[in-house]
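run-v7.csv (CSV, C-alpha atoms)
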```
chain,number,residue,atom,x,y,z
A,1,MET,CA,108.6,176.5,74.2
A,2,LYS,CA,109.6,178.3,71.1
A,3,ARG,CA,107.0,178.3,68.3
A,4,ILE,CA,108.4,177.1,65.0
A,5,ALA,CA,107.0,178.1,61.6
A,6,LEU,CA,106.1,175.3,59.2
A,7,ILE,CA,105.8,175.5,55.4
A,8,SER,CA,102.5,174.1,54.3
A,9,LEU,CA,102.7,170.8,52.4
A,10,PHE,CA,99.0,170.6,51.6
A,11,PHE,CA,98.2,167.8,53.9
A,12,LEU,CA,100.2,169.1,56.9
A,13,PRO,CA,99.2,171.6,59.6
A,14,LEU,CA,100.5,175.1,59.3
A,15,THR,CA,102.4,175.1,62.6
A,16,VAL,CA,104.1,172.7,64.9
A,17,TRP,CA,105.6,173.1,68.4
A,18,ALA,CA,108.4,171.3,70.1
A,19,GLN,CA,106.8,170.7,73.6
A,20,LYS,CA,110.1,169.8,75.3
A,21,GLN,CA,113.8,170.4,74.8
A,22,TYR,CA,116.6,168.5,76.4
A,23,TYR,CA,120.4,169.0,76.2
A,24,LEU,CA,122.2,165.7,75.9
A,25,PRO,CA,124.9,164.5,78.3
A,26,THR,CA,127.2,164.0,75.3
A,27,ALA,CA,128.2,167.7,75.2
A,28,THR,CA,131.9,168.4,75.2
A,29,PRO,CA,133.7,171.3,76.8
A,30,SER,CA,134.4,172.9,73.4
A,31,ASP,CA,130.7,173.1,72.5
A,32,ASP,CA,129.3,176.6,72.7
A,33,GLU,CA,125.7,177.2,73.6
A,34,LYS,CA,124.4,177.0,70.1
A,35,GLU,CA,126.3,173.8,69.3
A,36,LYS,CA,125.3,171.7,72.3
A,37,PRO,CA,123.7,168.5,71.2
A,38,MET,CA,120.0,168.3,72.2
A,39,ILE,CA,116.6,166.9,71.3
A,40,GLU,CA,113.3,168.6,70.6
A,41,VAL,CA,110.2,166.5,71.4
A,42,TYR,CA,107.1,166.7,69.3
A,43,LEU,CA,104.2,164.6,70.7
A,44,PRO,CA,101.0,163.7,68.9
A,45,LYS,CA,97.6,164.4,70.5
A,46,GLU,CA,97.1,161.9,73.3
A,47,GLU,CA,93.9,160.5,71.8
A,48,ILE,CA,95.6,159.4,68.6
A,49,ALA,CA,99.1,158.4,70.0
A,50,ASN,CA,99.9,154.8,69.1
A,51,GLY,CA,103.1,154.4,71.2
A,52,CYS,CA,105.6,154.7,68.4
A,53,ALA,CA,108.4,157.2,68.5
A,54,VAL,CA,110.9,158.2,65.7
A,55,VAL,CA,114.2,160.0,66.4
A,56,LEU,CA,114.8,162.2,63.4
A,57,CYS,CA,118.4,162.7,62.4
A,58,PRO,CA,118.5,165.5,59.8
A,59,GLY,CA,120.8,165.7,56.9
A,60,GLY,CA,123.3,168.4,56.0
A,61,ALA,CA,126.7,166.7,55.1
A,62,MET,CA,127.7,166.7,58.7
A,63,ARG,CA,128.2,170.4,58.5
A,64,TRP,CA,124.7,171.8,59.0
A,65,LEU,CA,121.3,170.5,59.9
A,66,SER,CA,118.3,170.6,57.5
A,67,TRP,CA,116.0,171.2,60.4
A,68,GLU,CA,113.0,172.7,58.8
A,69,SER,CA,112.5,170.0,56.2
A,70,ASP,CA,113.9,166.9,58.0
A,71,VAL,CA,112.6,167.6,61.5
A,72,VAL,CA,109.8,170.3,61.6
A,73,LYS,CA,107.9,169.1,58.6
A,74,MET,CA,108.5,165.5,59.3
A,75,ALA,CA,107.5,165.8,62.9
A,76,SER,CA,104.2,167.3,61.9
A,77,PHE,CA,103.6,164.4,59.4
A,78,LEU,CA,104.4,161.8,62.0
A,79,ASN,CA,102.3,163.4,64.7
A,80,GLU,CA,99.3,163.3,62.3
A,81,GLN,CA,99.9,159.5,62.2
A,82,GLY,CA,99.9,159.3,66.0
A,83,ILE,CA,103.7,158.9,66.1
A,84,ALA,CA,106.0,160.9,68.5
A,85,ALA,CA,108.9,162.7,66.8
A,86,ILE,CA,112.2,163.5,68.4
A,87,GLY,CA,114.4,165.9,66.5
A,88,LEU,CA,118.1,165.3,67.2
A,89,ARG,CA,120.7,168.2,67.0
A,90,TYR,CA,123.9,166.2,66.8
A,91,HIS,CA,127.6,167.2,66.7
A,92,LEU,CA,128.7,168.7,63.4
A,93,ASN,CA,132.1,169.0,61.6
A,94,LYS,CA,133.2,172.6,61.9
A,95,GLY,CA,136.7,172.0,60.6
A,96,GLN,CA,138.2,173.0,57.3
A,97,MET,CA,138.7,170.5,54.5
A,98,PRO,CA,142.1,168.8,55.1
A,99,GLN,CA,144.7,170.0,52.6
A,100,GLY,CA,145.4,167.7,49.7
A,101,MET,CA,142.1,165.9,50.0
A,102,THR,CA,140.1,165.5,46.8
A,103,MET,CA,136.7,164.0,46.1
A,104,PRO,CA,136.8,160.3,45.2
A,105,PRO,CA,135.4,159.0,41.9
A,106,MET,CA,131.7,158.8,41.7
A,107,VAL,CA,130.3,155.2,42.0
A,108,ASP,CA,127.0,154.3,40.4
A,109,VAL,CA,124.4,151.9,41.7
A,110,THR,CA,125.8,149.0,39.7
A,111,HIS,CA,129.0,148.8,41.8
A,112,PRO,CA,128.2,148.4,45.5
A,113,GLU,CA,131.4,146.3,45.9
A,114,ALA,CA,133.2,149.6,45.7
A,115,PHE,CA,132.2,150.1,49.4
A,116,PRO,CA,133.5,147.2,51.5
A,117,GLN,CA,131.5,146.8,54.7
A,118,ALA,CA,129.1,149.3,53.2
A,119,ASP,CA,131.4,152.2,54.1
A,120,ALA,CA,130.4,154.9,51.7
A,121,ASN,CA,132.2,157.8,53.4
A,122,PRO,CA,134.0,159.7,50.6
A,123,MET,CA,136.5,161.4,52.9
A,124,HIS,CA,137.8,159.6,55.9
A,125,ASN,CA,140.1,161.5,58.2
A,126,ALA,CA,140.8,161.5,61.9
A,127,SER,CA,138.9,164.7,62.7
A,128,GLY,CA,135.9,163.8,60.6
A,129,ASP,CA,135.6,160.3,61.9
A,130,SER,CA,135.8,161.6,65.5
A,131,ILE,CA,132.8,163.9,64.8
A,132,ILE,CA,130.8,160.9,63.4
A,133,ARG,CA,131.5,159.0,66.6
A,134,LEU,CA,130.4,162.0,68.7
A,135,ALA,CA,127.2,162.3,66.6
A,136,ALA,CA,126.6,158.5,67.1
A,137,GLN,CA,126.9,159.1,70.9
A,138,ASP,CA,124.3,161.9,70.5
A,139,GLY,CA,121.9,159.5,68.7
A,140,LYS,CA,122.3,156.8,71.4
A,141,ALA,CA,121.7,159.4,74.2
A,142,ALA,CA,118.5,160.5,72.4
A,143,ILE,CA,117.2,156.9,72.3
A,144,ARG,CA,118.1,156.5,76.0
A,145,ILE,CA,116.2,159.7,77.0
A,146,VAL,CA,113.1,158.6,75.0
A,147,ARG,CA,113.1,155.3,76.8
A,148,GLU,CA,113.5,157.0,80.2
A,149,HIS,CA,110.5,159.2,79.5
A,150,ALA,CA,108.4,156.7,77.6
A,151,ASP,CA,105.6,156.4,80.2
A,152,GLU,CA,105.4,160.2,80.5
A,153,TRP,CA,105.2,160.7,76.8
A,154,HIS,CA,102.9,157.7,76.1
A,155,ILE,CA,105.5,155.8,74.1
A,156,SER,CA,106.1,152.1,74.1
A,157,LYS,CA,109.7,151.3,75.0
A,158,ASP,CA,109.9,148.6,72.3
A,159,LYS,CA,108.6,150.9,69.5
A,160,ILE,CA,111.4,153.5,69.3
A,161,GLY,CA,113.5,153.9,66.2
A,162,PHE,CA,115.6,156.2,63.9
A,163,LEU,CA,114.8,157.9,60.7
A,164,GLY,CA,118.0,159.5,59.2
A,165,PHE,CA,118.1,161.7,56.2
A,166,SER,CA,121.3,161.8,54.1
A,167,ALA,CA,124.3,162.3,56.6
A,168,GLY,CA,121.8,161.8,59.4
A,169,GLY,CA,121.3,158.3,58.1
A,170,GLY,CA,125.0,157.7,58.6
A,171,VAL,CA,124.7,159.0,62.1
A,172,ALA,CA,121.7,156.7,62.8
A,173,ILE,CA,123.6,153.6,61.4
A,174,ALA,CA,126.7,154.4,63.4
A,175,ALA,CA,124.6,154.8,66.6
A,176,THR,CA,122.8,151.5,66.0
A,177,MET,CA,126.0,149.5,65.5
A,178,SER,CA,127.6,150.7,68.7
A,179,ALA,CA,124.5,150.8,71.0
A,180,ASP,CA,123.9,148.9,74.2
A,181,SER,CA,120.4,147.4,75.0
A,182,MET,CA,119.1,150.7,76.4
A,183,GLU,CA,120.3,152.7,73.5
A,184,ARG,CA,119.5,150.3,70.6
A,185,PRO,CA,116.6,151.3,68.4
A,186,ASN,CA,113.8,148.9,67.7
A,187,PHE,CA,113.9,149.9,64.0
A,188,LEU,CA,116.2,151.8,61.7
A,189,CYS,CA,115.1,153.8,58.6
A,190,THR,CA,117.5,155.6,56.4
A,191,ASN,CA,116.4,158.0,53.7
A,192,PHE,CA,119.2,158.7,51.2
A,193,GLY,CA,121.7,158.1,53.9
A,194,PRO,CA,124.4,155.4,53.6
A,195,SER,CA,126.8,154.4,56.3
A,196,LEU,CA,129.8,156.7,56.9
A,197,MET,CA,131.8,154.1,58.8
A,198,PRO,CA,132.5,150.3,58.2
A,199,VAL,CA,129.4,148.3,59.1
A,200,THR,CA,129.3,145.4,61.5
A,201,VAL,CA,125.8,144.0,61.8
A,202,LEU,CA,125.0,142.9,65.3
A,203,GLN,CA,123.2,139.6,66.0
A,204,ASP,CA,120.1,141.4,67.3
A,205,ALA,CA,120.2,144.1,64.6
A,206,PRO,CA,116.8,145.9,64.3
A,207,PRO,CA,114.8,145.7,61.1
A,208,LEU,CA,116.2,148.1,58.5
A,209,LEU,CA,114.2,150.2,55.9
A,210,ILE,CA,116.3,151.8,53.1
A,211,MET,CA,114.9,154.4,50.7
A,212,THR,CA,116.9,156.0,48.0
A,213,ARG,CA,117.1,156.9,44.3
A,214,ALA,CA,118.9,154.8,41.7
A,215,ASP,CA,120.8,157.5,39.9
A,216,HIS,CA,122.5,159.3,42.8
A,217,PRO,CA,126.3,158.5,42.7
A,218,ASN,CA,127.8,156.9,45.8
A,219,VAL,CA,124.6,157.0,47.9
A,220,ALA,CA,122.7,154.4,45.9
A,221,ALA,CA,125.7,152.0,45.7
A,222,GLY,CA,126.4,152.6,49.4
A,223,LEU,CA,122.9,151.7,50.4
A,224,VAL,CA,122.8,148.6,48.2
A,225,ALA,CA,126.0,147.5,50.1
A,226,LEU,CA,124.3,148.3,53.4
A,227,PHE,CA,121.3,146.2,52.4
A,228,MET,CA,123.6,143.3,51.6
A,229,GLU,CA,125.5,143.6,54.9
A,230,TRP,CA,122.2,143.3,56.8
A,231,LYS,CA,121.1,140.3,54.7
A,232,LYS,CA,124.5,138.5,55.0
A,233,ALA,CA,124.1,138.8,58.8
A,234,GLY,CA,120.6,137.2,58.6
A,235,ALA,CA,118.9,140.4,59.7
A,236,ASN,CA,115.7,141.9,58.3
A,237,ALA,CA,116.1,144.5,55.7
A,238,GLU,CA,114.0,146.2,53.0
A,239,LEU,CA,115.2,148.4,50.1
A,240,HIS,CA,113.2,150.9,48.1
A,241,MET,CA,115.3,152.0,45.1
A,242,TYR,CA,113.3,154.6,43.3
A,243,GLY,CA,113.9,155.1,39.6
A,244,ASP,CA,112.5,158.7,39.2
A,245,GLY,CA,112.1,162.0,40.9
A,246,LYS,CA,114.6,164.1,42.7
A,247,GLY,CA,116.6,163.6,45.9
A,248,PRO,CA,117.6,163.9,48.6
A,249,TYR,CA,114.0,163.9,49.6
A,250,GLU,CA,111.8,165.7,52.0
A,251,LEU,CA,108.1,165.3,52.3
A,252,MET,CA,106.4,165.7,49.0
A,253,PRO,CA,102.8,166.2,47.9
A,254,LEU,CA,101.3,163.1,46.4
A,255,THR,CA,100.8,164.2,42.8
A,256,GLY,CA,101.2,160.7,41.2
A,257,GLU,CA,103.9,162.1,38.9
A,258,THR,CA,106.8,160.2,40.5
A,259,THR,CA,107.2,157.1,42.6
A,260,THR,CA,109.8,158.9,44.8
A,261,GLU,CA,107.1,161.1,46.4
A,262,ALA,CA,105.4,158.0,47.9
A,263,TRP,CA,108.4,157.3,50.2
A,264,SER,CA,106.7,158.7,53.4
A,265,THR,CA,103.5,156.7,53.0
A,266,GLN,CA,105.5,153.6,52.2
A,267,MET,CA,107.5,154.1,55.4
A,268,ILE,CA,104.3,154.3,57.4
A,269,GLN,CA,103.1,151.1,55.8
A,270,TRP,CA,106.4,149.4,56.7
A,271,LEU,CA,106.0,150.5,60.3
A,272,ARG,CA,102.5,149.2,60.3
A,273,ALA,CA,103.5,145.9,58.8
A,274,LYS,CA,106.3,145.4,61.3
A,275,GLY,CA,103.8,146.0,64.2
A,276,PHE,CA,105.3,149.3,65.4
A,277,ILE,CA,102.0,151.2,64.8
A,278,ARG,CA,98.4,150.1,64.7
```
Mind turning the file's structure into structure tokens?
Amino acid sequence: MKRIALISLFFLPLTVWAQKQYYLPTATPSDDEKEKPMIEVYLPKEEIANGCAVVLCPGGAMRWLSWESDVVKMASFLNEQGIAAIGLRYHLNKGQMPQGMTMPPMVDVTHPEAFPQADANPMHNASGDSIIRLAAQDGKAAIRIVREHADEWHISKDKIGFLGFSAGGGVAIAATMSADSMERPNFLCTNFGPSLMPVTVLQDAPPLLIMTRADHPNVAAGLVALFMEWKKAGANAELHMYGDGKGPYELMPLTGETTTEAWSTQMIQWLRAKGFIR
């Protein structure tokens, strides 16, 4: 497998490898070799593996993938916790901005009602929405493959979930809402990533962890709306709305200067409290 360089984050190893790569069955005839959806599998050392697996959906505004920060660094951090990490390369929007479309007004955190059904997508159009649906299919295929290989990879089939960053959070949410029992995650974490489609919370919705920053327009309000949709449906949800620091976030050294930098350790604590890791 290809060796991938890793930028040191003080508490992380200097390098990390993807041990396995799989193309997904969701590829379309128009995908070229570099665009085909796939997963990269990063497994922890067998002696510390705890059976939990996280499918990482990187951000990038649905037009690129922040792979180094959202997958490579995050995989290394998760592996150190005994958690398997699955990086997802999902379908991206390669089209031009439709003519005549302008950015909508910015909505602050005090107006979540601006996003009915928690749909915080600023620019709906037929082409963009079709890409989101394709990316959701990629996410569901990734969960299915992890479950199919769970025994081989020392993963528990009932401890598999998503962590989406920014647009990747929207992909993870869309995948969760439309998944069957084999594709549905056992937990859903979104970091700075609101829904990009109208949300309908299923009866057996997985527990949801939301992490964001209060002063980011649209994102914060969209995620408050998502939290409310989960709670109105009687599902389990937790919201961390940080009041300082910068976002969207990647892993940060724990300096004690902001509360935002603690998001990764708080996510681990959430997984532990929910029984997904020991």
Report task. Excluding Lys20 (chain A) and residues on its chain fewer than 5 positions from it, collect all residues at most 12 Å away from it, counting only C-alpha atoms, and give them as a VMD selection string. Result -> chain A and resid 1 to 3 38 to 43 84 to 87 145 to 146 149 152 to 153
At a cut-off of 12 Å, can you tabulate as JSON lines every residue of region 13-89 of chain A near region 263-267 of chain A together with its closest atom pair and the distance in Å to one decimal, using only C-alpha atoms and ordering rows by chain then number?
```
{"residue": "A:Val54", "atom": "CA", "partner": "A:Met267", "partner_atom": "CA", "distance": 11.6}
{"residue": "A:Asp70", "atom": "CA", "partner": "A:Ser264", "partner_atom": "CA", "distance": 11.8}
{"residue": "A:Lys73", "atom": "CA", "partner": "A:Ser264", "partner_atom": "CA", "distance": 11.7}
{"residue": "A:Met74", "atom": "CA", "partner": "A:Ser264", "partner_atom": "CA", "distance": 9.2}
{"residue": "A:Ala75", "atom": "CA", "partner": "A:Ser264", "partner_atom": "CA", "distance": 11.9}
{"residue": "A:Phe77", "atom": "CA", "partner": "A:Ser264", "partner_atom": "CA", "distance": 8.8}
{"residue": "A:Leu78", "atom": "CA", "partner": "A:Ser264", "partner_atom": "CA", "distance": 9.4}
{"residue": "A:Gln81", "atom": "CA", "partner": "A:Thr265", "partner_atom": "CA", "distance": 10.3}
```
Report task. Could you please determine the separation between CA of Leu65 (chain A) and CA of Ala18 (chain A) in Å, to one decimal place? Result ->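 About the pair CA of Leu65 (chain A) and CA of Ala18 (chain A): they are 16.5 Å apart.
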**Report entry** Nearest residue to Asn121 (chain A) from the set A:Gly51, A:Asp31, A:Pro105, A:Ser66 (distances using only C-alpha atoms)
**Finding:** A:Pro105
Report task. Using only C-alpha atoms, pick whichever of A:Asp180, A:Glu229, A:Glu35, A:Glu257 has the shortest atom-to-atom distance to Gln137 (chain A). Result ->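 Of A:Asp180, A:Glu229, A:Glu35, A:Glu257, the one nearest Gln137 (chain A) is A:Asp180, counting only C-alpha atoms.
Considering all atoms listed in the file, the residue among A:Arg278, A:His124, A:Arg147, A:His111 positioned nearest to Leu223 (chain A) is A:His111.
Across A:His240, A:Arg272, A:Lys232, A:Lys36, the tightest approach to Phe192 (chain A) is made by A:His240 when counting all atoms listed in the file.
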Counting only C-alpha atoms, which residues have an atom no more than 10 Å from (127.1, 170.0, 72.0) in the file's coordinates? Please list them as a PDB file with C-alpha atoms, in the coordinates of the input.
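Okay, this is what ended up in point30.pdb:
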```
ATOM      1  CA  TYR A  23     120.400 169.000  76.200  1.00  0.00           C
ATOM      2  CA  LEU A  24     122.200 165.700  75.900  1.00  0.00           C
ATOM      3  CA  PRO A  25     124.900 164.500  78.300  1.00  0.00           C
ATOM      4  CA  THR A  26     127.200 164.000  75.300  1.00  0.00           C
ATOM      5  CA  ALA A  27     128.200 167.700  75.200  1.00  0.00           C
ATOM      6  CA  THR A  28     131.900 168.400  75.200  1.00  0.00           C
ATOM      7  CA  PRO A  29     133.700 171.300  76.800  1.00  0.00           C
ATOM      8  CA  SER A  30     134.400 172.900  73.400  1.00  0.00           C
ATOM      9  CA  ASP A  31     130.700 173.100  72.500  1.00  0.00           C
ATOM     10  CA  ASP A  32     129.300 176.600  72.700  1.00  0.00           C
ATOM     11  CA  GLU A  33     125.700 177.200  73.600  1.00  0.00           C
ATOM     12  CA  LYS A  34     124.400 177.000  70.100  1.00  0.00           C
ATOM     13  CA  GLU A  35     126.300 173.800  69.300  1.00  0.00           C
ATOM     14  CA  LYS A  36     125.300 171.700  72.300  1.00  0.00           C
ATOM     15  CA  PRO A  37     123.700 168.500  71.200  1.00  0.00           C
ATOM     16  CA  MET A  38     120.000 168.300  72.200  1.00  0.00           C
ATOM     17  CA  ARG A  89     120.700 168.200  67.000  1.00  0.00           C
ATOM     18  CA  TYR A  90     123.900 166.200  66.800  1.00  0.00           C
ATOM     19  CA  HIS A  91     127.600 167.200  66.700  1.00  0.00           C
ATOM     20  CA  LEU A  92     128.700 168.700  63.400  1.00  0.00           C
ATOM     21  CA  LEU A 134     130.400 162.000  68.700  1.00  0.00           C
ATOM     22  CA  ALA A 135     127.200 162.300  66.600  1.00  0.00           C
ATOM     23  CA  ASP A 138     124.300 161.900  70.500  1.00  0.00           C
TER      24      ASP A 138
END
```
Requested in this report: List the neighbours of Pro116 (chain A) out to 9 Å using only C-alpha atoms; skip same-chain residues closer than 6 positions along the sequence, and give me the result as number ranges by chain.
Outcome: A: 198-199, 225
Query raised in the report: Which one of A:Pro44, A:Pro207, A:Pro185, A:Gly193 sits closest to Phe165 (chain A) if you count only C-alpha atoms?
Result: A:Gly193
Query raised in the report: Of the residues A:Lys45, A:Lys94, A:Arg133, A:Arg63, which is the one nearest to Asn79 (chain A), using only C-alpha atoms?
Result: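 That would be A:Lys45, the residue with the smallest distance to Asn79 (chain A).
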Report task. Go ahead and compute the interatomic distance for CA of Thr259 (chain A) and CA of Asn186 (chain A), in Å to one decimal. Result ->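 Pair CA of Thr259 (chain A) / CA of Asn186 (chain A) returns 27.2 Å.
In this model, the gap between CA of Gly82 (chain A) and CA of Glu46 (chain A) comes to 8.2 Å.
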Query raised in the report: Near region 176-178 of chain A, counting all atoms listed in the file, which residues have an atom at most 12 Å away, once you skip same-chain residues fewer than 2 positions from it, shown as a PyMOL selection string?
Result: chain A and resi 132-143+161-164+169-174+180-190+195-208+230
